[in-house]
file upload.cif (mmCIF, C-alpha atoms)
data_model
loop_
_atom_site.group_PDB
_atom_site.id
_atom_site.type_symbol
_atom_site.label_atom_id
_atom_site.label_comp_id
_atom_site.auth_asym_id
_atom_site.auth_seq_id
_atom_site.Cartn_x
_atom_site.Cartn_y
_atom_site.Cartn_z
ATOM 1 C CA MET W 1 -14.306 -102.226 19.767
ATOM 2 C CA THR W 2 -13.154 -98.695 20.583
ATOM 3 C CA GLU W 3 -9.656 -97.286 21.025
ATOM 4 C CA ASP W 4 -10.032 -97.969 24.771
ATOM 5 C CA THR W 5 -10.636 -101.701 24.345
ATOM 6 C CA PHE W 6 -8.620 -104.651 23.114
ATOM 7 C CA ARG W 7 -8.941 -108.357 22.355
ATOM 8 C CA THR W 8 -6.991 -110.897 24.376
ATOM 9 C CA ILE W 9 -7.462 -114.345 25.921
ATOM 10 C CA SER W 10 -9.118 -114.720 29.304
ATOM 11 C CA CYS W 11 -6.757 -117.345 30.721
ATOM 12 C CA LYS W 12 -4.008 -119.791 29.842
ATOM 13 C CA ALA W 13 -4.765 -122.006 26.828
ATOM 14 C CA GLU W 14 -2.917 -124.884 25.185
ATOM 15 C CA GLY W 15 -2.568 -126.369 21.723
ATOM 16 C CA LEU W 16 -0.675 -129.148 19.944
ATOM 17 C CA TYR W 17 0.676 -129.916 16.488
ATOM 18 C CA LYS W 18 2.631 -132.987 15.365
ATOM 19 C CA SER W 19 4.744 -133.439 12.256
ATOM 20 C CA ARG W 20 7.191 -136.235 11.315
ATOM 21 C CA GLY W 21 7.785 -137.211 14.905
ATOM 22 C CA SER W 22 8.229 -133.667 16.212
ATOM 23 C CA LYS W 23 5.745 -132.346 18.750
ATOM 24 C CA PHE W 24 4.926 -128.665 19.044
ATOM 25 C CA LEU W 25 3.294 -127.730 22.330
ATOM 26 C CA ALA W 26 1.652 -124.294 22.288
ATOM 27 C CA PHE W 27 0.835 -122.211 25.351
ATOM 28 C CA GLY W 28 -1.014 -118.893 25.382
ATOM 29 C CA TYR W 29 -1.118 -116.446 28.289
ATOM 30 C CA PRO W 30 -2.862 -113.123 28.882
ATOM 31 C CA VAL W 31 -0.067 -110.783 29.979
ATOM 32 C CA SER W 32 0.337 -107.177 31.012
ATOM 33 C CA SER W 33 4.072 -106.546 31.436
ATOM 34 C CA GLU W 34 7.410 -107.640 30.053
ATOM 35 C CA GLN W 35 8.518 -108.751 33.510
ATOM 36 C CA GLU W 36 5.516 -111.074 33.699
ATOM 37 C CA ILE W 37 6.457 -112.436 30.273
ATOM 38 C CA LYS W 38 10.059 -113.072 31.341
ATOM 39 C CA ASN W 39 8.851 -114.989 34.390
ATOM 40 C CA ILE W 40 6.506 -117.157 32.312
ATOM 41 C CA ILE W 41 9.179 -117.953 29.715
ATOM 42 C CA THR W 42 11.666 -118.835 32.453
ATOM 43 C CA GLY W 43 9.112 -121.183 34.004
ATOM 44 C CA ILE W 44 8.357 -122.885 30.675
ATOM 45 C CA ARG W 45 12.047 -123.336 29.864
ATOM 46 C CA LYS W 46 12.556 -124.915 33.281
ATOM 47 C CA LYS W 47 9.542 -127.209 33.002
ATOM 48 C CA TYR W 48 10.360 -128.336 29.453
ATOM 49 C CA HIS W 49 14.145 -128.262 29.864
ATOM 50 C CA ASN W 50 14.624 -131.301 27.637
ATOM 51 C CA ALA W 51 12.817 -129.729 24.657
ATOM 52 C CA LYS W 52 14.826 -128.752 21.587
ATOM 53 C CA HIS W 53 13.400 -125.248 21.179
ATOM 54 C CA CYS W 54 11.240 -122.793 23.121
ATOM 55 C CA CYS W 55 10.037 -120.162 20.657
ATOM 56 C CA TYR W 56 7.652 -117.330 21.352
ATOM 57 C CA ALA W 57 6.039 -114.067 20.333
ATOM 58 C CA TYR W 58 4.152 -111.462 22.293
ATOM 59 C CA ARG W 59 2.389 -108.162 21.967
ATOM 60 C CA ILE W 60 1.474 -105.641 24.674
ATOM 61 C CA GLY W 61 -0.567 -102.517 24.086
ATOM 62 C CA SER W 62 -2.015 -101.200 20.880
ATOM 63 C CA ILE W 63 -1.049 -97.608 20.106
ATOM 64 C CA ASN W 64 2.477 -97.648 21.560
ATOM 65 C CA GLU W 65 2.742 -101.398 21.376
ATOM 66 C CA ILE W 66 5.593 -103.564 22.593
ATOM 67 C CA SER W 67 6.162 -106.700 20.543
ATOM 68 C CA ARG W 68 8.899 -109.328 20.321
ATOM 69 C CA MET W 69 9.577 -112.558 18.422
ATOM 70 C CA ASN W 70 12.125 -115.263 19.223
ATOM 71 C CA ASP W 71 13.174 -118.248 17.085
ATOM 72 C CA ASP W 72 15.321 -119.828 19.834
ATOM 73 C CA GLY W 73 17.761 -121.455 17.446
ATOM 74 C CA GLU W 74 15.341 -122.336 14.660
ATOM 75 C CA PRO W 75 16.163 -120.854 11.216
ATOM 76 C CA SER W 76 15.414 -117.126 11.074
ATOM 77 C CA ASN W 77 11.711 -116.208 10.814
ATOM 78 C CA THR W 78 10.496 -119.814 10.888
ATOM 79 C CA ALA W 79 9.129 -119.825 14.450
ATOM 80 C CA GLY W 80 8.626 -116.465 16.181
ATOM 81 C CA LYS W 81 7.264 -114.763 13.074
ATOM 82 C CA PRO W 82 4.528 -117.304 12.233
ATOM 83 C CA ILE W 83 3.515 -117.309 15.905
ATOM 84 C CA TYR W 84 3.334 -113.510 15.887
ATOM 85 C CA ARG W 85 1.292 -113.506 12.688
ATOM 86 C CA GLN W 86 -1.423 -115.451 14.500
ATOM 87 C CA ILE W 87 -1.524 -112.729 17.157
ATOM 88 C CA ILE W 88 -1.906 -110.035 14.501
ATOM 89 C CA SER W 89 -4.349 -111.925 12.282
ATOM 90 C CA ASN W 90 -6.635 -112.456 15.286
ATOM 91 C CA ASN W 91 -6.260 -108.797 16.324
ATOM 92 C CA LEU W 92 -4.981 -109.727 19.787
ATOM 93 C CA THR W 93 -2.777 -107.891 22.241
ATOM 94 C CA ASN W 94 -1.564 -108.317 25.825
ATOM 95 C CA ILE W 95 -0.834 -111.901 24.901
ATOM 96 C CA LEU W 96 2.176 -114.219 24.963
ATOM 97 C CA ILE W 97 2.322 -117.376 22.833
ATOM 98 C CA ILE W 98 5.062 -119.932 23.453
ATOM 99 C CA VAL W 99 5.623 -122.998 21.304
ATOM 100 C CA VAL W 100 7.881 -125.718 22.704
ATOM 101 C CA ARG W 101 9.321 -128.167 20.185
ATOM 102 C CA TYR W 102 10.368 -131.737 20.857
ATOM 103 C CA PHE W 103 12.494 -132.785 17.885
ATOM 104 C CA GLY W 104 11.435 -136.059 16.306
ATOM 105 C CA GLY W 105 14.615 -136.750 14.354
ATOM 106 C CA THR W 106 13.434 -135.573 10.923
ATOM 107 C CA LEU W 107 14.211 -132.126 9.569
ATOM 108 C CA LEU W 108 11.086 -130.276 8.432
ATOM 109 C CA GLY W 109 12.684 -127.581 6.309
ATOM 110 C CA LYS W 110 11.789 -123.909 6.502
ATOM 111 C CA GLY W 111 8.332 -124.356 5.005
ATOM 112 C CA GLY W 112 7.553 -127.224 7.341
ATOM 113 C CA LEU W 113 8.708 -125.278 10.388
ATOM 114 C CA ILE W 114 6.632 -122.226 9.480
ATOM 115 C CA LYS W 115 3.568 -124.435 9.049
ATOM 116 C CA ALA W 116 4.231 -126.273 12.321
ATOM 117 C CA TYR W 117 4.659 -123.188 14.509
ATOM 118 C CA LYS W 118 1.682 -121.479 12.867
ATOM 119 C CA SER W 119 -0.496 -124.578 13.301
ATOM 120 C CA ALA W 120 0.455 -125.028 16.957
ATOM 121 C CA ALA W 121 -0.371 -121.391 17.727
ATOM 122 C CA THR W 122 -3.619 -121.660 15.751
ATOM 123 C CA ASP W 123 -4.689 -124.775 17.664
ATOM 124 C CA MET W 124 -4.052 -123.010 20.962
ATOM 125 C CA LEU W 125 -6.154 -120.018 19.893
ATOM 126 C CA LEU W 126 -8.996 -122.326 18.835
ATOM 127 C CA ASN W 127 -8.998 -123.639 22.409
ATOM 128 C CA ALA W 128 -8.735 -120.185 23.973
ATOM 129 C CA ASP W 129 -11.486 -117.945 25.276
ATOM 130 C CA ILE W 130 -11.051 -114.618 23.467
ATOM 131 C CA ILE W 131 -12.469 -111.629 25.323
ATOM 132 C CA ILE W 132 -12.622 -107.844 25.036
ATOM 133 C CA ARG W 133 -11.042 -105.817 27.841
ATOM 134 C CA THR W 134 -10.472 -102.121 28.529
ATOM 135 C CA PHE W 135 -7.053 -100.496 28.649
ATOM 136 C CA THR W 136 -6.093 -98.943 31.970
ATOM 137 C CA ARG W 137 -3.461 -96.590 33.330
ATOM 138 C CA LEU W 138 -1.805 -96.567 36.713
ATOM 139 C CA TYR W 139 -2.137 -93.425 38.844
ATOM 140 C CA LYS W 140 -0.862 -92.240 42.201
ATOM 141 C CA ILE W 141 -3.079 -90.007 44.322
ATOM 142 C CA ASP W 142 -1.495 -87.899 47.089
ATOM 143 C CA PHE W 143 -3.713 -86.017 49.547
ATOM 144 C CA ASP W 144 -4.038 -84.721 53.095
ATOM 145 C CA TYR W 145 -5.605 -86.972 55.687
ATOM 146 C CA SER W 146 -8.328 -84.372 56.194
ATOM 147 C CA VAL W 147 -9.850 -85.081 52.750
ATOM 148 C CA MET W 148 -9.461 -88.855 52.828
ATOM 149 C CA SER W 149 -13.204 -89.494 53.092
ATOM 150 C CA GLU W 150 -13.864 -87.420 49.944
ATOM 151 C CA VAL W 151 -11.195 -89.268 47.979
ATOM 152 C CA LEU W 152 -12.315 -92.711 49.125
ATOM 153 C CA ARG W 153 -15.927 -91.864 48.332
ATOM 154 C CA ILE W 154 -14.990 -91.413 44.663
ATOM 155 C CA LEU W 155 -12.854 -94.560 44.608
ATOM 156 C CA ASP W 156 -15.639 -96.604 46.187
ATOM 157 C CA ARG W 157 -18.305 -95.175 43.912
ATOM 158 C CA GLU W 158 -16.231 -96.000 40.829
ATOM 159 C CA LYS W 159 -15.237 -99.406 42.253
ATOM 160 C CA LEU W 160 -11.527 -98.627 41.802
ATOM 161 C CA GLU W 161 -9.192 -101.146 43.398
ATOM 162 C CA GLN W 162 -6.445 -99.751 45.610
ATOM 163 C CA LEU W 163 -3.217 -101.443 44.523
ATOM 164 C CA GLU W 164 -1.165 -99.749 47.245
ATOM 165 C CA ASN W 165 -2.094 -97.286 49.938
ATOM 166 C CA LYS W 166 -0.555 -95.337 52.802
ATOM 167 C CA TYR W 167 -2.739 -93.498 55.276
ATOM 168 C CA ASP W 168 -0.849 -90.966 57.355
ATOM 169 C CA GLN W 169 -0.850 -87.198 57.709
ATOM 170 C CA ILE W 170 -0.056 -87.209 54.005
ATOM 171 C CA CYS W 171 -1.824 -90.124 52.302
ATOM 172 C CA SER W 172 -1.148 -91.842 48.988
ATOM 173 C CA VAL W 173 -3.049 -94.421 46.971
ATOM 174 C CA LYS W 174 -2.184 -96.209 43.739
ATOM 175 C CA ILE W 175 -5.104 -97.123 41.524
ATOM 176 C CA ARG W 176 -5.713 -98.299 37.991
ATOM 177 C CA ILE W 177 -8.291 -96.421 35.924
ATOM 178 C CA SER W 178 -9.795 -97.535 32.617
ATOM 179 C CA THR W 179 -8.945 -95.088 29.844
ATOM 180 C CA ASP W 180 -12.597 -94.496 28.975
ATOM 181 C CA LYS W 181 -13.255 -93.113 32.477
ATOM 182 C CA GLU W 182 -9.964 -91.515 33.468
ATOM 183 C CA ASP W 183 -10.681 -87.903 32.414
ATOM 184 C CA ASN W 184 -13.876 -87.751 34.429
ATOM 185 C CA ILE W 185 -12.456 -89.435 37.535
ATOM 186 C CA ILE W 186 -9.214 -87.448 37.567
ATOM 187 C CA SER W 187 -11.096 -84.181 37.126
ATOM 188 C CA ARG W 188 -13.302 -84.973 40.137
ATOM 189 C CA LEU W 189 -10.325 -85.927 42.272
ATOM 190 C CA ARG W 190 -8.389 -82.793 41.398
ATOM 191 C CA ARG W 191 -11.287 -80.605 42.441
ATOM 192 C CA ILE W 192 -10.720 -81.758 46.022
ATOM 193 C CA ASN W 193 -8.421 -79.469 47.993
ATOM 194 C CA SER W 194 -4.809 -80.771 48.383
ATOM 195 C CA VAL W 195 -5.287 -83.718 46.011
ATOM 196 C CA GLU W 196 -2.498 -84.368 43.491
ATOM 197 C CA VAL W 197 -2.944 -87.005 40.784
ATOM 198 C CA SER W 198 0.009 -88.246 38.718
ATOM 199 C CA ALA W 199 0.240 -90.944 36.076
ATOM 200 C CA ILE W 200 2.773 -93.682 36.678
ATOM 201 C CA LYS W 201 4.380 -94.782 33.459
ATOM 202 C CA ASP W 202 4.673 -98.546 33.302
ATOM 203 C CA ASP W 203 4.433 -101.264 30.672
ATOM 204 C CA LEU W 204 1.289 -102.917 32.005
ATOM 205 C CA ASN W 205 -1.667 -101.561 30.049
ATOM 206 C CA ASP W 206 -0.354 -98.027 29.717
ATOM 207 C CA GLN W 207 -0.738 -96.493 26.260
ATOM 208 C CA GLY W 208 1.270 -93.359 26.938
ATOM 209 C CA SER W 209 0.053 -89.821 27.424
#
call {"tool": "encode", "arguments": {"input": "upload.cif", "output": "structure tokens"}}
result
Amino acid sequence: MTEDTFRTISCKAEGLYKSRGSKFLAFGYPVSSEQEIKNIITGIRKKYHNAKHCCYAYRIGSINEISRMNDDGEPSNTAGKPIYRQIISNNLTNILIIVVRYFGGTLLGKGGLIKAYKSAATDMLLNADIIIRTFTRLYKIDFDYSVMSEVLRILDREKLEQLENKYDQICSVKIRISTDKEDNIISRLRRINSVEVSAIKDDLNDQGS
């Protein structure tokens, strides 16, 4: 891998671990923003509302990474931390792992909990499809209508998806560019008369500038 690429999972994956009557259901998601993560966690809590705990860990980015761990009422560092360690040990990012626990009536102790949450996360990752992707940054392009064909020619040639666009006397387009190509593409765009290119700071795949 290069500094422009990262390892994550391609799609949702699930895992399971059982211990002394307790069930630990693990769910992994490829994610790109904290808002997306909040929505997923809210959905899981709602779906498994009768579970005892809903613990999780996530990591977004690599250089200026965002990471969080949550024990959700379990003893400190017995749930979120072992889940997060599986993310780090597998060199993954842009990933959320949630482990839902159904209590079986027998206390597992700190060592047992750490093993259970680690094992559930590990089982999920064994079932997951791990892939390599390229980091991207979000940009806004502003330009006069008169040069629209020149701008769109570059976007089409580079197969850049338009996330938002407005075509008027003054046009604007939002696109996402992979970090390994951004210098070249931005330079070409800025050579066109009236074109202004600005980075939009967000928490999706942005690594800062």
call {"tool": "atom_distance", "arguments": {"input": "upload.cif", "atom1": "CA of Asn91 (chain W)", "atom2": "CA of Asp4 (chain W)"}}
result
14.2 Å
call {"tool": "resolve_selection", "arguments": {"input": "upload.cif", "expression": "the PyMOL selection byres ((chain W and resi 37-42) around 10)", "output": "list in words"}}
result
Tyr29, Pro30, Val31, Ser32, Ser33, Glu34, Gln35, Glu36, Gly43, Ile44, Arg45, Lys46, Lys47, Cys54, Cys55, Tyr56, Tyr58, Ile95, Leu96, Ile97 and Ile98 of chain W
call {"tool": "closest_residue", "arguments": {"input": "upload.cif", "among": "W:Ser22, W:Ser149, W:Ser198, W:Asn94", "to": "Ala57 (chain W)", "atoms": "all atoms listed in the file"}}
result
W:Asn94
call {"tool": "resolve_selection", "arguments": {"input": "upload.cif", "expression": "the PyMOL selection byres ((chain W and resi 114) around 9)", "output": "PyMOL selection string"}}
result
chain W and resi 77-79+81-83+109-113+115-119
call {"tool": "resolve_selection", "arguments": {"input": "upload.cif", "expression": "the PyMOL selection byres ((chain W and resi 17) around 8)", "output": "VMD selection string"}}
result
chain W and resid 15 to 16 18 to 19 23 to 25 116 119 to 120 123
call {"tool": "atom_distance", "arguments": {"input": "upload.cif", "atom1": "CA of Glu161 (chain W)", "atom2": "CA of Asp129 (chain W)"}}
result
24.8 Å
call {"tool": "decode", "arguments": {"input": "upload.cif", "residues": "region 13-98 of chain W", "atoms": "C-alpha atoms", "output": "short mmCIF file (atom, residue, chain, number, x, y, z; two decimals), in the first residue's frame"}}
result
data_model
loop_
_atom_site.label_atom_id
_atom_site.label_comp_id
_atom_site.auth_asym_id
_atom_site.auth_seq_id
_atom_site.Cartn_x
_atom_site.Cartn_y
_atom_site.Cartn_z
CA ALA W 13 -20.04 -8.43 7.70
CA GLU W 14 -21.20 -10.36 10.76
CA GLY W 15 -19.66 -12.57 13.42
CA LEU W 16 -20.67 -14.44 16.57
CA TYR W 17 -19.13 -15.57 19.84
CA LYS W 18 -20.81 -17.42 22.72
CA SER W 19 -19.63 -17.80 26.29
CA ARG W 20 -21.48 -19.12 29.38
CA GLY W 21 -24.87 -18.34 27.94
CA SER W 22 -23.99 -14.86 26.69
CA LYS W 23 -24.12 -14.17 22.97
CA PHE W 24 -21.93 -11.56 21.32
CA LEU W 25 -23.15 -10.50 17.90
CA ALA W 26 -20.54 -8.61 15.87
CA PHE W 27 -21.27 -6.30 12.95
CA GLY W 28 -18.69 -4.59 10.75
CA TYR W 29 -19.38 -1.69 8.39
CA PRO W 30 -17.25 0.27 5.93
CA VAL W 31 -17.81 3.91 6.91
CA SER W 32 -16.68 7.33 5.78
CA SER W 33 -18.09 9.85 8.27
CA GLU W 34 -19.00 10.17 11.92
CA GLN W 35 -22.57 11.05 10.98
CA GLU W 36 -22.86 7.77 9.08
CA ILE W 37 -21.50 5.97 12.15
CA LYS W 38 -24.04 7.64 14.45
CA ASN W 39 -26.87 6.58 12.14
CA ILE W 40 -25.68 2.97 12.06
CA ILE W 41 -25.28 2.77 15.84
CA THR W 42 -28.74 4.27 16.34
CA GLY W 43 -30.20 1.67 13.99
CA ILE W 44 -28.45 -1.21 15.77
CA ARG W 45 -29.55 -0.01 19.20
CA LYS W 46 -33.13 0.19 17.93
CA LYS W 47 -33.05 -3.24 16.29
CA TYR W 48 -31.43 -4.96 19.28
CA HIS W 49 -33.16 -2.86 21.95
CA ASN W 50 -33.45 -5.80 24.33
CA ALA W 51 -29.69 -6.50 24.34
CA LYS W 52 -27.69 -5.79 27.49
CA HIS W 53 -24.85 -3.87 25.83
CA CYS W 54 -24.03 -2.33 22.45
CA CYS W 55 -20.28 -1.70 22.38
CA TYR W 56 -18.26 -0.41 19.47
CA ALA W 57 -15.04 1.01 18.09
CA TYR W 58 -14.26 2.81 14.87
CA ARG W 59 -11.47 4.43 12.95
CA ILE W 60 -11.65 6.91 10.06
CA GLY W 61 -8.66 8.16 8.12
CA SER W 62 -5.02 7.36 8.60
CA ILE W 63 -2.80 10.42 8.99
CA ASN W 64 -5.26 12.66 10.86
CA GLU W 65 -7.35 9.76 12.03
CA ILE W 66 -10.57 9.89 14.01
CA SER W 67 -11.07 6.98 16.38
CA ARG W 68 -13.47 6.19 19.22
CA MET W 69 -14.18 3.31 21.61
CA ASN W 70 -17.29 2.73 23.72
CA ASP W 71 -17.83 0.14 26.48
CA ASP W 72 -21.56 0.92 26.87
CA GLY W 73 -21.69 0.02 30.54
CA GLU W 74 -19.23 -2.86 30.52
CA PRO W 75 -16.20 -2.47 32.86
CA SER W 76 -13.70 0.06 31.51
CA ASN W 77 -11.55 -1.16 28.60
CA THR W 78 -13.17 -4.60 28.44
CA ALA W 79 -15.23 -4.05 25.27
CA GLY W 80 -14.39 -1.04 23.09
CA LYS W 81 -10.64 -1.46 23.49
CA PRO W 82 -10.40 -5.13 22.46
CA ILE W 83 -12.68 -4.37 19.50
CA TYR W 84 -10.44 -1.45 18.50
CA ARG W 85 -7.32 -3.59 18.82
CA GLN W 86 -8.68 -5.86 16.09
CA ILE W 87 -9.03 -2.83 13.82
CA ILE W 88 -5.43 -1.81 14.48
CA SER W 89 -3.93 -5.30 14.34
CA ASN W 90 -5.52 -5.82 10.92
CA ASN W 91 -4.35 -2.37 9.76
CA LEU W 92 -7.89 -1.26 8.91
CA THR W 93 -9.50 2.15 8.74
CA ASN W 94 -12.81 3.67 7.65
CA ILE W 95 -14.46 0.87 9.58
CA LEU W 96 -16.99 0.57 12.39
CA ILE W 97 -17.28 -2.60 14.49
CA ILE W 98 -20.25 -3.04 16.82
#
